[in-house]
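*Asks:* So I've got this file, input.cif, and it contains mmCIF, C-alpha atoms:
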data_target
#
loop_
_atom_site.label_atom_id
_atom_site.label_comp_id
_atom_site.auth_asym_id
_atom_site.auth_seq_id
_atom_site.Cartn_x
_atom_site.Cartn_y
_atom_site.Cartn_z
CA MET Y 924 64.53 -75.38 -6.88
CA CYS Y 925 63.12 -72.92 -4.32
CA LEU Y 926 60.35 -70.47 -5.17
CA ALA Y 927 62.66 -67.44 -5.00
CA SER Y 928 64.98 -69.03 -7.54
CA ARG Y 929 62.03 -69.83 -9.79
CA MET Y 930 60.91 -66.21 -9.60
CA TYR Y 931 64.45 -65.11 -10.48
CA GLY Y 932 64.38 -67.37 -13.56
CA THR Y 933 61.00 -65.98 -14.59
CA LEU Y 934 62.31 -62.43 -14.27
CA VAL Y 935 65.30 -63.30 -16.47
CA GLU Y 936 62.90 -64.65 -19.12
CA ILE Y 937 60.80 -61.49 -18.91
CA LEU Y 938 63.79 -59.16 -19.18
CA THR Y 939 65.16 -61.14 -22.11
CA SER Y 940 61.79 -61.03 -23.93
CA THR Y 941 61.58 -57.25 -23.39
CA ASN Y 942 65.18 -56.72 -24.62
CA HIS Y 943 66.48 -55.52 -21.27
CA LEU Y 944 68.81 -58.54 -21.21
CA GLU Y 945 70.66 -60.19 -24.07
CA PRO Y 946 70.05 -63.93 -24.52
CA GLY Y 947 72.75 -65.86 -22.68
CA ALA Y 948 73.62 -62.94 -20.40
CA SER Y 949 76.03 -63.70 -17.56
CA LEU Y 950 74.79 -64.26 -14.02
CA LEU Y 951 76.33 -60.96 -12.96
CA GLN Y 952 74.48 -59.12 -15.74
CA CYS Y 953 71.20 -60.81 -14.76
CA ASP Y 954 71.64 -59.87 -11.10
CA ARG Y 955 72.42 -56.27 -12.04
CA VAL Y 956 69.52 -55.77 -14.47
CA ILE Y 957 66.99 -57.40 -12.12
CA ALA Y 958 68.19 -55.06 -9.39
CA GLN Y 959 67.88 -52.02 -11.66
CA GLN Y 960 64.49 -52.89 -13.15
CA PHE Y 961 62.76 -54.00 -9.95
CA ASP Y 962 64.38 -51.69 -7.42
CA VAL Y 963 66.14 -54.29 -5.27
CA ALA Y 964 69.75 -54.68 -4.24
CA GLU Y 965 72.05 -56.77 -6.42
CA SER Y 966 72.81 -58.88 -3.36
CA THR Y 967 69.07 -59.57 -2.99
CA ALA Y 968 68.79 -60.75 -6.61
CA ARG Y 969 71.88 -62.89 -6.09
CA ASN Y 970 70.38 -64.43 -2.94
CA TRP Y 971 67.19 -65.30 -4.83
CA ARG Y 972 69.23 -66.98 -7.56
CA ARG Y 973 71.22 -68.96 -5.02
CA CYS Y 974 68.13 -69.94 -3.01
CA LYS Y 975 69.55 -68.29 0.09
CA HIS Y 976 66.09 -66.85 0.60
CA ALA Y 977 63.49 -69.49 -0.19
CA HIS Y 978 60.70 -66.91 -0.34
CA VAL Y 979 60.36 -63.25 -1.29
CA ALA Y 980 58.60 -60.71 0.93
CA PRO Y 981 54.93 -60.21 -0.10
CA ALA Y 982 55.36 -56.44 -0.58
CA THR Y 983 58.37 -57.02 -2.86
CA VAL Y 984 56.46 -59.59 -4.94
CA ALA Y 985 53.49 -57.22 -5.28
CA ALA Y 986 55.76 -54.42 -6.52
CA ILE Y 987 57.47 -56.71 -9.01
CA ILE Y 988 54.15 -58.03 -10.34
CA ALA Y 989 52.86 -54.48 -10.80
CA ARG Y 990 55.99 -53.58 -12.79
CA VAL Y 991 55.78 -56.76 -14.93
CA ALA Y 992 52.09 -56.13 -15.64
CA THR Y 993 53.08 -52.95 -17.48
CA VAL Y 994 56.01 -54.30 -19.53
CA ALA Y 995 55.09 -57.99 -20.07
CA PRO Y 996 51.44 -58.51 -19.04
CA ASN Y 997 51.32 -62.10 -20.29
CA GLN Y 998 54.05 -63.05 -17.79
CA ALA Y 999 52.42 -61.48 -14.72
CA PRO Y 1000 50.10 -64.49 -14.08
CA GLN Y 1001 53.14 -66.75 -13.69
CA LEU Y 1002 54.54 -64.52 -10.94
CA GLU Y 1003 51.12 -64.35 -9.29
CA PHE Y 1004 51.00 -68.14 -9.36
CA LEU Y 1005 54.42 -68.39 -7.70
CA ASP Y 1006 53.29 -65.94 -5.05
CA ARG Y 1007 50.13 -67.93 -4.31
CA ILE Y 1008 51.77 -71.31 -3.85
CA SER Y 1009 54.42 -69.81 -1.54
CA ARG Y 1010 51.84 -69.14 1.18
CA GLY Y 1011 50.34 -72.37 2.53
CA VAL Y 1012 48.29 -75.51 2.03
CA GLN Y 1013 45.01 -73.79 1.22
CA GLU Y 1014 46.58 -71.61 -1.47
CA VAL Y 1015 48.39 -74.64 -2.94
CA LYS Y 1016 45.10 -76.54 -2.92
CA ALA Y 1017 43.28 -73.69 -4.69
CA ALA Y 1018 46.04 -73.42 -7.31
CA ALA Y 1019 45.96 -77.20 -7.90
CA GLU Y 1020 42.17 -77.23 -8.30
CA ARG Y 1021 42.26 -74.37 -10.82
CA LEU Y 1022 45.03 -76.06 -12.79
CA VAL Y 1023 43.22 -79.42 -12.87
CA GLU Y 1024 40.23 -77.67 -14.40
CA GLN Y 1025 42.45 -76.13 -17.09
CA LEU Y 1026 44.23 -79.41 -17.81
CA SER Y 1027 41.00 -81.37 -18.07
CA VAL Y 1028 40.04 -79.25 -21.07
CA GLY Y 1029 43.16 -80.48 -22.87
CA VAL Y 1030 42.86 -84.08 -21.69
CA PHE Y 1031 39.28 -84.76 -22.73
CA GLY Y 1032 37.98 -84.39 -26.25
CA ASN Y 1033 38.32 -86.07 -29.66
CA GLU Y 1034 37.27 -89.37 -28.09
CA ALA Y 1035 40.23 -89.34 -25.71
CA SER Y 1036 39.92 -90.82 -22.24
CA TRP Y 1037 42.24 -90.21 -19.35
CA HIS Y 1038 44.15 -93.49 -19.52
CA ILE Y 1039 47.90 -93.11 -19.78
CA TYR Y 1040 48.13 -93.43 -23.59
CA SER Y 1041 45.05 -91.37 -24.40
CA GLY Y 1042 43.99 -88.03 -22.91
CA PRO Y 1043 47.20 -87.03 -21.09
CA LEU Y 1044 49.22 -88.00 -24.16
CA ARG Y 1045 46.93 -85.97 -26.40
CA MET Y 1046 47.19 -82.93 -24.15
CA ALA Y 1047 50.99 -83.05 -23.94
CA PHE Y 1048 51.49 -83.55 -27.69
CA ASP Y 1049 48.83 -81.15 -28.97
CA LEU Y 1050 50.58 -79.13 -31.67
CA ASN Y 1051 47.44 -77.00 -32.07
CA SER Y 1052 47.88 -75.39 -28.66
CA MET Y 1053 50.14 -72.42 -27.98
CA PRO Y 1054 53.62 -73.66 -26.96
CA PHE Y 1055 53.93 -70.88 -24.37
CA THR Y 1056 50.63 -71.90 -22.77
CA GLN Y 1057 51.61 -75.57 -22.72
CA GLN Y 1058 54.96 -74.81 -21.13
CA GLN Y 1059 53.36 -72.59 -18.52
CA LEU Y 1060 50.78 -75.23 -17.59
CA MET Y 1061 53.46 -77.90 -17.23
CA ARG Y 1062 55.73 -75.66 -15.19
CA GLN Y 1063 52.89 -74.75 -12.86
CA SER Y 1064 51.87 -78.36 -12.47
CA ALA Y 1065 55.46 -79.38 -11.67
CA MET Y 1066 55.84 -76.53 -9.18
CA ILE Y 1067 52.65 -77.54 -7.36
CA VAL Y 1068 53.79 -81.14 -7.04
CA GLU Y 1069 57.29 -80.10 -5.94
CA ARG Y 1070 55.74 -77.74 -3.38
CA VAL Y 1071 53.49 -80.48 -2.00
CA LEU Y 1072 56.48 -82.83 -1.75
CA GLU Y 1073 58.61 -80.10 -0.17
CA LEU Y 1074 56.01 -79.30 2.51
CA ASN Y 1075 55.16 -82.99 3.00
CA ILE Y 1076 51.49 -82.09 2.65
CA ASP Y 1077 49.07 -84.92 3.35
CA PRO Y 1078 47.56 -85.73 -0.08
CA THR Y 1079 44.12 -86.08 1.52
CA ASP Y 1080 44.27 -82.30 2.07
CA ILE Y 1081 44.48 -81.79 -1.71
CA PRO Y 1082 42.26 -84.52 -3.21
CA CYS Y 1083 42.86 -83.41 -6.81
CA ILE Y 1084 46.63 -84.04 -6.67
CA PRO Y 1085 46.45 -87.62 -8.10
CA GLU Y 1086 44.39 -86.23 -10.98
CA LEU Y 1087 46.91 -83.43 -11.54
CA ILE Y 1088 49.74 -85.98 -11.68
CA ARG Y 1089 47.80 -88.18 -14.04
CA TYR Y 1090 47.01 -85.33 -16.45
CA SER Y 1091 50.57 -83.96 -16.40
CA THR Y 1092 52.64 -87.14 -16.72
CA HIS Y 1093 53.51 -86.84 -20.41
CA GLY Y 1094 53.88 -83.08 -20.30
CA TRP Y 1095 56.58 -83.30 -17.65
CA TYR Y 1096 58.33 -85.89 -19.79
CA LEU Y 1097 58.31 -83.61 -22.83
CA GLN Y 1098 59.44 -80.57 -20.86
CA GLY Y 1099 62.48 -82.41 -19.52
CA LEU Y 1100 61.08 -82.50 -15.98
CA PHE Y 1101 62.10 -86.14 -15.55
CA GLN Y 1102 62.76 -85.99 -11.82
CA VAL Y 1103 59.36 -84.59 -10.89
CA ARG Y 1104 57.67 -87.19 -13.08
CA GLU Y 1105 59.40 -90.06 -11.29
CA ALA Y 1106 59.14 -88.46 -7.83
CA SER Y 1107 55.43 -87.77 -8.18
CA LEU Y 1108 54.46 -91.18 -9.50
CA ASN Y 1109 56.66 -92.88 -6.92
CA SER Y 1110 55.11 -90.98 -3.98
CA ARG Y 1111 51.90 -91.18 -1.99
CA LEU Y 1112 50.62 -88.23 -4.02
CA SER Y 1113 49.87 -90.40 -7.06
CA GLY Y 1114 47.24 -92.38 -5.16
CA ILE Y 1115 48.81 -95.63 -6.33
CA GLN Y 1116 48.91 -96.97 -2.78
CA ASP Y 1117 45.29 -95.93 -2.16
CA SER Y 1118 43.62 -98.00 -4.92
CA TYR Y 1119 43.05 -94.82 -6.91
CA LEU Y 1120 44.20 -96.65 -10.04
CA SER Y 1121 43.53 -100.14 -11.31
CA PRO Y 1122 46.46 -102.62 -11.04
CA VAL Y 1123 47.03 -102.40 -14.81
CA GLU Y 1124 47.29 -98.62 -14.63
CA VAL Y 1125 49.59 -98.86 -11.63
CA ALA Y 1126 51.82 -101.24 -13.60
CA LEU Y 1127 51.99 -98.79 -16.51
CA TYR Y 1128 52.71 -95.79 -14.31
CA VAL Y 1129 55.50 -97.74 -12.59
CA GLY Y 1130 56.86 -99.59 -15.63
CA ASP Y 1131 56.70 -96.61 -18.00
CA GLY Y 1132 55.97 -93.50 -15.94
CA CYS Y 1133 58.75 -94.19 -13.43
CA ALA Y 1134 61.11 -96.39 -15.46
CA THR Y 1135 61.47 -94.08 -18.47
CA PRO Y 1136 62.48 -90.90 -16.59
CA SER Y 1137 64.75 -92.94 -14.32
CA PHE Y 1138 66.50 -94.34 -17.40
CA LEU Y 1139 66.79 -90.94 -19.06
CA SER Y 1140 68.09 -89.43 -15.83
CA GLY Y 1141 70.96 -91.91 -15.97
CA ASN Y 1142 69.89 -94.77 -13.72
CA PRO Y 1143 69.12 -97.77 -15.93
CA GLU Y 1144 69.51 -100.17 -12.99
CA ARG Y 1145 66.70 -98.48 -11.07
CA ALA Y 1146 64.64 -98.23 -14.26
CA LEU Y 1147 64.88 -101.99 -14.77
CA ARG Y 1148 63.77 -102.56 -11.18
CA TYR Y 1149 60.66 -100.52 -12.00
CA THR Y 1150 59.92 -102.68 -15.05
CA ARG Y 1151 60.30 -105.86 -13.01
CA GLN Y 1152 57.98 -104.47 -10.33
CA ALA Y 1153 55.44 -103.53 -12.99
CA LEU Y 1154 55.52 -106.96 -14.62
CA ALA Y 1155 54.93 -108.56 -11.22
CA LEU Y 1156 51.87 -106.33 -10.77
CA LEU Y 1157 50.53 -107.45 -14.14
CA ASP Y 1158 50.89 -111.08 -13.09
CA GLU Y 1159 48.27 -110.38 -10.40
CA ALA Y 1160 45.89 -108.35 -12.59
CA GLY Y 1161 42.61 -109.64 -13.97
CA SER Y 1162 40.22 -108.81 -16.81
CA ASP Y 1163 38.20 -106.37 -14.67
CA ASP Y 1164 41.40 -104.44 -13.96
CA ALA Y 1165 42.12 -104.19 -17.66
CA ARG Y 1166 38.63 -102.84 -18.39
CA ALA Y 1167 39.07 -100.19 -15.71
CA ALA Y 1168 42.37 -99.13 -17.28
CA SER Y 1169 41.14 -99.22 -20.91
CA VAL Y 1170 44.40 -101.05 -21.70
CA SER Y 1171 44.56 -104.82 -22.06
CA ILE Y 1172 46.96 -106.81 -19.91
CA ALA Y 1173 48.64 -108.04 -23.10
CA ASP Y 1174 49.23 -104.49 -24.33
CA ALA Y 1175 50.46 -103.38 -20.92
CA ARG Y 1176 52.90 -106.28 -20.84
CA THR Y 1177 54.08 -105.49 -24.38
CA MET Y 1178 54.71 -101.87 -23.42
CA ILE Y 1179 56.67 -102.64 -20.29
CA ARG Y 1180 58.72 -105.42 -21.91
CA SER Y 1181 59.48 -103.04 -24.81
CA ILE Y 1182 60.72 -100.36 -22.42
CA GLU Y 1183 62.78 -102.95 -20.57
CA THR Y 1184 64.38 -104.03 -23.86
CA ILE Y 1185 65.16 -100.46 -24.97
CA ILE Y 1186 66.86 -99.80 -21.63
CA ALA Y 1187 68.86 -103.01 -21.92
CA CYS Y 1188 70.03 -102.09 -25.43
CA TYR Y 1189 71.26 -98.66 -24.31
CA ASP Y 1190 72.86 -99.93 -21.11
CA GLY Y 1191 74.86 -102.53 -23.06
CA TYR Y 1192 72.97 -105.36 -24.68
CA GLN Y 1193 75.81 -107.82 -23.95
CA ARG Y 1194 74.84 -107.53 -20.28
CA TYR Y 1195 71.24 -108.61 -20.92
CA PRO Y 1196 71.31 -111.37 -23.57
CA GLN Y 1197 68.33 -113.17 -22.01
CA VAL Y 1198 66.17 -110.01 -21.94
CA LEU Y 1199 66.72 -109.51 -25.67
CA ALA Y 1200 66.30 -113.18 -26.55
CA ASP Y 1201 63.07 -113.42 -24.55
CA PHE Y 1202 61.69 -110.26 -26.14
CA ILE Y 1203 62.35 -111.54 -29.66
CA ARG Y 1204 60.80 -114.89 -28.75
CA ASP Y 1205 57.66 -113.35 -27.21
CA PHE Y 1206 57.09 -110.16 -29.20
CA ALA Y 1207 58.78 -110.36 -32.59
CA ILE Y 1208 55.48 -111.02 -34.36
CA VAL Y 1209 52.75 -110.44 -31.72
CA GLU Y 1210 51.05 -107.11 -32.51
CA ALA Y 1211 49.57 -104.80 -29.89
CA ASP Y 1212 46.06 -103.35 -30.13
CA ILE Y 1213 46.98 -99.78 -29.19
CA GLU Y 1214 49.14 -98.22 -31.92
CA TRP Y 1215 51.23 -96.31 -29.37
CA VAL Y 1216 52.20 -99.62 -27.76
CA GLU Y 1217 52.77 -101.21 -31.16
CA GLY Y 1218 55.07 -98.35 -32.13
CA THR Y 1219 57.08 -98.85 -28.95
CA ARG Y 1220 57.31 -102.59 -29.66
CA HIS Y 1221 58.84 -101.85 -33.07
CA GLU Y 1222 61.20 -99.32 -31.52
CA ALA Y 1223 62.45 -102.00 -29.13
CA LEU Y 1224 63.03 -104.40 -32.04
CA GLY Y 1225 64.87 -101.65 -33.89
CA CYS Y 1226 67.04 -100.93 -30.86
CA ILE Y 1227 68.05 -104.59 -30.72
CA GLU Y 1228 69.30 -104.42 -34.30
CA LEU Y 1229 70.98 -101.08 -33.63
CA ALA Y 1230 72.79 -102.42 -30.57
CA ARG Y 1231 73.95 -105.53 -32.40
CA ARG Y 1232 75.12 -103.45 -35.39
CA GLN Y 1233 74.56 -106.41 -37.72
CA ASP Y 1234 71.42 -105.59 -39.74
CA PHE Y 1235 70.85 -101.84 -40.08
CA ALA Y 1236 68.30 -102.36 -42.86
CA LYS Y 1237 66.16 -104.35 -40.44
CA ALA Y 1238 66.62 -101.64 -37.82
CA ALA Y 1239 65.46 -99.01 -40.32
CA PHE Y 1240 62.34 -101.09 -41.06
CA HIS Y 1241 61.38 -101.35 -37.40
CA PHE Y 1242 61.99 -97.66 -36.69
CA GLU Y 1243 59.93 -96.75 -39.76
CA GLN Y 1244 57.10 -98.96 -38.49
CA ALA Y 1245 57.43 -97.39 -35.05
CA GLY Y 1246 57.01 -93.92 -36.53
CA LYS Y 1247 54.00 -95.01 -38.55
CA PHE Y 1248 52.14 -96.49 -35.59
CA LEU Y 1249 52.95 -93.61 -33.23
CA ASP Y 1250 51.64 -91.18 -35.85
CA GLN Y 1251 48.48 -93.25 -36.34
CA TRP Y 1252 47.67 -93.31 -32.63
CA ILE Y 1253 48.25 -89.62 -32.02
CA GLY Y 1254 46.39 -88.80 -35.25
CA LYS Y 1255 43.19 -90.20 -33.72
CA PHE Y 1256 43.16 -87.21 -31.39
CA GLY Y 1257 43.51 -84.58 -34.09
CA ILE Y 1258 47.29 -84.21 -33.79
CA PRO Y 1259 49.15 -84.33 -37.12
CA PHE Y 1260 52.24 -86.29 -36.00
CA SER Y 1261 54.13 -87.57 -33.00
CA THR Y 1262 57.03 -85.39 -31.93
CA THR Y 1263 58.78 -88.41 -30.40
CA SER Y 1264 58.59 -90.47 -33.56
CA PRO Y 1265 62.00 -92.09 -34.30
CA GLN Y 1266 62.64 -90.62 -37.77
CA SER Y 1267 66.19 -89.81 -36.72
CA LEU Y 1268 66.90 -93.48 -36.02
CA VAL Y 1269 65.40 -94.46 -39.38
CA GLY Y 1270 67.81 -92.03 -41.03
CA TYR Y 1271 70.75 -93.16 -38.90
CA SER Y 1272 70.11 -96.82 -39.79
CA LEU Y 1273 69.90 -95.95 -43.49
CA LEU Y 1274 73.09 -93.92 -43.13
CA MET Y 1275 74.86 -96.98 -41.73
CA THR Y 1276 73.45 -99.11 -44.57
CA ASP Y 1277 73.81 -96.90 -47.66
CA GLY Y 1278 75.79 -93.86 -46.59
CA PRO Y 1279 74.53 -90.23 -46.72
CA THR Y 1280 71.79 -90.71 -49.30
CA GLU Y 1281 68.99 -88.22 -49.81
CA THR Y 1282 66.58 -90.59 -48.03
CA ALA Y 1283 68.81 -90.84 -44.96
CA ARG Y 1284 69.27 -87.09 -44.96
CA SER Y 1285 65.53 -86.36 -45.17
CA GLN Y 1286 64.67 -88.80 -42.38
CA ILE Y 1287 67.28 -87.37 -40.02
CA SER Y 1288 66.25 -83.81 -40.83
CA GLU Y 1289 62.58 -84.58 -40.24
CA GLY Y 1290 63.45 -86.22 -36.94
CA LEU Y 1291 65.15 -83.04 -35.79
CA LEU Y 1292 62.32 -80.80 -37.02
CA ARG Y 1293 59.76 -82.86 -35.13
CA THR Y 1294 61.59 -82.63 -31.84
CA ILE Y 1295 63.24 -79.22 -31.87
CA ASP Y 1296 60.31 -77.25 -30.42
CA LEU Y 1297 57.75 -79.62 -28.91
CA GLY Y 1298 59.52 -82.95 -28.64
CA ASN Y 1299 60.90 -84.84 -25.70
CA VAL Y 1300 64.23 -83.27 -24.72
CA ALA Y 1301 66.01 -86.64 -24.89
CA HIS Y 1302 64.69 -87.27 -28.39
CA GLN Y 1303 65.90 -83.86 -29.49
CA ILE Y 1304 69.36 -84.74 -28.19
CA ARG Y 1305 69.19 -88.03 -30.07
CA ALA Y 1306 68.15 -86.19 -33.24
CA ARG Y 1307 71.09 -83.79 -32.87
CA VAL Y 1308 73.55 -86.68 -32.49
CA CYS Y 1309 72.16 -88.36 -35.62
CA GLN Y 1310 72.38 -85.07 -37.50
CA ALA Y 1311 76.00 -84.69 -36.38
CA ARG Y 1312 76.77 -88.21 -37.60
CA LEU Y 1313 75.24 -87.39 -40.99
CA TYR Y 1314 77.36 -84.26 -41.43
CA GLU Y 1315 80.43 -86.15 -40.36
CA CYS Y 1316 79.79 -88.81 -43.01
CA GLU Y 1317 79.32 -86.02 -45.56
CA GLY Y 1318 82.69 -84.54 -44.63
CA SER Y 1319 81.34 -81.44 -42.86
CA PRO Y 1320 83.04 -81.51 -39.44
CA VAL Y 1321 82.09 -77.92 -38.59
CA MET Y 1322 78.36 -78.63 -38.98
CA ALA Y 1323 78.79 -81.95 -37.18
CA LYS Y 1324 80.36 -80.15 -34.24
CA PHE Y 1325 77.60 -77.53 -34.24
CA HIS Y 1326 74.88 -80.16 -33.73
CA GLN Y 1327 76.96 -82.04 -31.20
CA ASN Y 1328 77.38 -78.83 -29.19
CA LYS Y 1329 73.64 -78.16 -29.38
CA ALA Y 1330 73.04 -81.64 -27.98
CA LEU Y 1331 75.54 -81.03 -25.19
CA GLU Y 1332 73.77 -77.79 -24.21
CA LEU Y 1333 70.58 -79.77 -23.57
CA VAL Y 1334 72.51 -82.54 -21.81
CA GLU Y 1335 74.01 -80.00 -19.41
CA GLN Y 1336 70.76 -78.11 -18.92
CA HIS Y 1337 68.83 -81.24 -17.95
CA GLN Y 1338 71.71 -83.22 -16.37
CA LEU Y 1339 71.41 -86.14 -18.79
CA PHE Y 1340 75.11 -87.01 -18.84
CA ARG Y 1341 74.93 -90.76 -18.30
CA TRP Y 1342 72.04 -91.24 -20.72
CA HIS Y 1343 73.97 -89.23 -23.32
CA ALA Y 1344 76.98 -91.49 -22.80
CA MET Y 1345 74.78 -94.55 -23.35
CA LEU Y 1346 73.32 -92.96 -26.50
CA ASN Y 1347 76.80 -92.27 -27.86
CA HIS Y 1348 77.82 -95.85 -27.08
CA VAL Y 1349 74.99 -97.08 -29.30
CA LEU Y 1350 75.30 -94.53 -32.12
CA LEU Y 1351 79.04 -93.82 -31.97
CA PRO Y 1352 80.73 -97.03 -30.79
CA ALA Y 1353 84.40 -97.09 -29.83
CA THR Y 1354 85.25 -98.95 -33.03
CA SER Y 1355 83.98 -96.02 -35.10
CA ASN Y 1356 86.38 -93.56 -36.69
CA SER Y 1357 83.98 -90.80 -35.65
CA ILE Y 1358 85.46 -87.48 -34.60
CA LEU Y 1359 82.55 -87.32 -32.16
CA ALA Y 1360 83.14 -90.63 -30.44
#
Could you render the structure from this file as structure tokens?

*Replies:*
Amino acid sequence: MCLASRMYGTLVEILTSTNHLEPGASLLQCDRVIAQQFDVAESTARNWRRCKHAHVAPATVAAIIARVATVAPNQAPQLEFLDRISRGVQEVKAAAERLVEQLSVGVFGNEASWHIYSGPLRMAFDLNSMPFTQQQLMRQSAMIVERVLELNIDPTDIPCIPELIRYSTHGWYLQGLFQVREASLNSRLSGIQDSYLSPVEVALYVGDGCATPSFLSGNPERALRYTRQALALLDEAGSDDARAASVSIADARTMIRSIETIIACYDGYQRYPQVLADFIRDFAIVEADIEWVEGTRHEALGCIELARRQDFAKAAFHFEQAGKFLDQWIGKFGIPFSTTSPQSLVGYSLLMTDGPTETARSQISEGLLRTIDLGNVAHQIRARVCQARLYECEGSPVMAKFHQNKALELVEQHQLFRWHAMLNHVLLPATSNSILA
């Protein structure tokens, strides 16, 4: 998305928050109100929206910022940021350096380090921070990286870019910015090719950081190639590499194999019988040291049972364990609970076992509450689908359709069509009598 289009979107948000635009206003209405409020032609606003003009004239930006400063002063810094990074390498560098300083405050603290499942995770999931501030930081970080990629800037000209990527990885994931997460980690900007990270960290950034967004974006085949590449990197890693990463090779392998198994279950477990069999053989009882990894291991075991549709009680057990361990890990950093915890899948599994009991209902509802504001977009979609299934089983088709439509809005917004189809295949198989199938 070009900078002019991003500015247009910011102006729509501002005008909606100041009641100049109704939520969900048409594109024509947005063009017209932007033109009226900021003294530009409707055709100009339309060209910004369509990215026909990648940049906006400096004098026009200055006038718009001055107007915004009077009606929505908390939004003016975002427009100033967009203006700065539109200029050139030195301005992008200065913006990146300032942002890294801000992000480091969130990453470090409460005994967190900057390894992939510590500081950056804590910063992204911190429920004690202001959601608006978190969203703004993640948007700015994504825009800087996209700008650097767009201009093909030599990363040596902006030395803090690998650090920016490292700090922002989980935040992009939660904000639904899957493409920038994969593109950044899979580019020279990450420093992976320059020995900036230890081999164990590189394996995790490839096998989780790249594989997960690739899977959610609808390319499980590419995601599995990432996991295989990561496992090969771990085969070459030694104990010194693990110490540098603060993650053991065993835990790193557990994490990547768990992600590989989850992908295989969603993509059609019948296609990957050996992946599932090998995971059960190697990891059914071997516990990980890091609770976040242990939670993911249990989620993979739960997904196997879900995909097989033979033992939903066992699936519920594993998803419950996953939630417990994810909460324990994130709790070490002063965060009350994980917003990606799989409560919805606990409830869904209980629903398939016992029907719409109060326990199933409470688990599914909690899963939705945890994800609806601060959770990963994909997990919120999953929670909506589980909620729809619950209402369907209770004989409330109108409410079921409401949650299904809410899920579809997010699917369309973030272009998660293939992943959504895979999710429905697991939760609403063709053999189901579901009205949502």

*Asks:* For a cutoff of 10 Å around the file-coordinate point (41.6, -94.8, -23.7), which residues qualify once you count all atoms listed in the file? I'd like the result as a compact mmCIF listing (two decimals) with C-alpha atoms, in the frame of the given file.

*Replies:*
# COMPACT_ATOMS: atom_id res chain seq x y z
CA GLU Y 1034 37.27 -89.37 -28.09
CA ALA Y 1035 40.23 -89.34 -25.71
CA SER Y 1036 39.92 -90.82 -22.24
CA TRP Y 1037 42.24 -90.21 -19.35
CA HIS Y 1038 44.15 -93.49 -19.52
CA ILE Y 1039 47.90 -93.11 -19.78
CA TYR Y 1040 48.13 -93.43 -23.59
CA SER Y 1041 45.05 -91.37 -24.40
CA GLY Y 1042 43.99 -88.03 -22.91
CA PRO Y 1043 47.20 -87.03 -21.09
CA ALA Y 1167 39.07 -100.19 -15.71
CA ALA Y 1168 42.37 -99.13 -17.28
CA SER Y 1169 41.14 -99.22 -20.91
CA VAL Y 1170 44.40 -101.05 -21.70
CA ILE Y 1213 46.98 -99.78 -29.19

*Asks:* Given the file shown, determine the residues that the PyMOL selection byres ((chain Y and resi 1297) around 12) selects; report them as a PyMOL selection string.

*Replies:* chain Y and resi 1047-1055+1057-1058+1093-1099+1260-1264+1290-1296+1298-1303

*Asks:* Do you have the atom CA of Y:Ser966-atom CA of Y:Glu945 distance handy?

*Replies:*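 So the answer is 20.9 Å.
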
*Asks:* Atom CA of Y:Ala1126 and atom CA of Y:Gln1266 are how many Å apart?

*Replies:* 28.5 Å

*Asks:* When you count all atoms listed in the file, which of these residues is closest to Y:Asn1328: Y:Ala948, Y:Ile937, Y:Ala1311, Y:Ala1187?

*Replies:*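 Of the candidates, the smallest distance to Y:Asn1328 is held by Y:Ala1311.
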
*Asks:* Return as AutoDock Vina command-line options the centre and edge lengths, in Å with one decimal, of the box along x, y and z that encloses every atom of stretch 1251-1268 of chain Y in the file, padded by 3 Å per side.

*Replies:*
--center_x 55.0 --center_y -88.8 --center_z -34.1 --size_x 29.7 --size_y 15.3 --size_z 13.4

*Asks:* Could you work out how far atom CA of Y:Arg1007 lies from atom CA of Y:Leu950, giving the answer in Å with one decimal?

*Replies:* 26.8 Å

*Asks:* Pick from Y:Leu1274, Y:Leu1224, Y:Leu1074, Y:Ala1344: nearest to Y:Tyr1314, with all atoms listed in the file counted?

*Replies:* Y:Leu1274

*Asks:* Would you save stretch 1191-1197 of chain Y from the block above with N, CA and C atoms, as a compact mmCIF listing (two decimals), in the first residue's frame?

*Replies:*
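Wrote decode28.txt, looks like this:
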# COMPACT_ATOMS: atom_id res chain seq x y z
N GLY Y 1191 -4.94 -31.06 5.65
CA GLY Y 1191 -5.51 -32.36 5.32
C GLY Y 1191 -4.61 -33.45 5.83
N TYR Y 1192 -4.88 -33.91 7.05
CA TYR Y 1192 -3.93 -34.81 7.70
C TYR Y 1192 -3.73 -36.11 6.92
N GLN Y 1193 -4.70 -36.49 6.08
CA GLN Y 1193 -4.54 -37.71 5.28
C GLN Y 1193 -3.37 -37.59 4.32
N ARG Y 1194 -2.99 -36.36 3.98
CA ARG Y 1194 -1.88 -36.15 3.05
C ARG Y 1194 -0.53 -36.29 3.74
N TYR Y 1195 -0.51 -36.23 5.07
CA TYR Y 1195 0.77 -36.22 5.79
C TYR Y 1195 0.77 -37.26 6.92
N PRO Y 1196 0.42 -38.51 6.64
CA PRO Y 1196 0.34 -39.50 7.74
C PRO Y 1196 1.67 -39.68 8.46
N GLN Y 1197 2.78 -39.58 7.73
CA GLN Y 1197 4.08 -39.81 8.36
C GLN Y 1197 4.46 -38.66 9.29
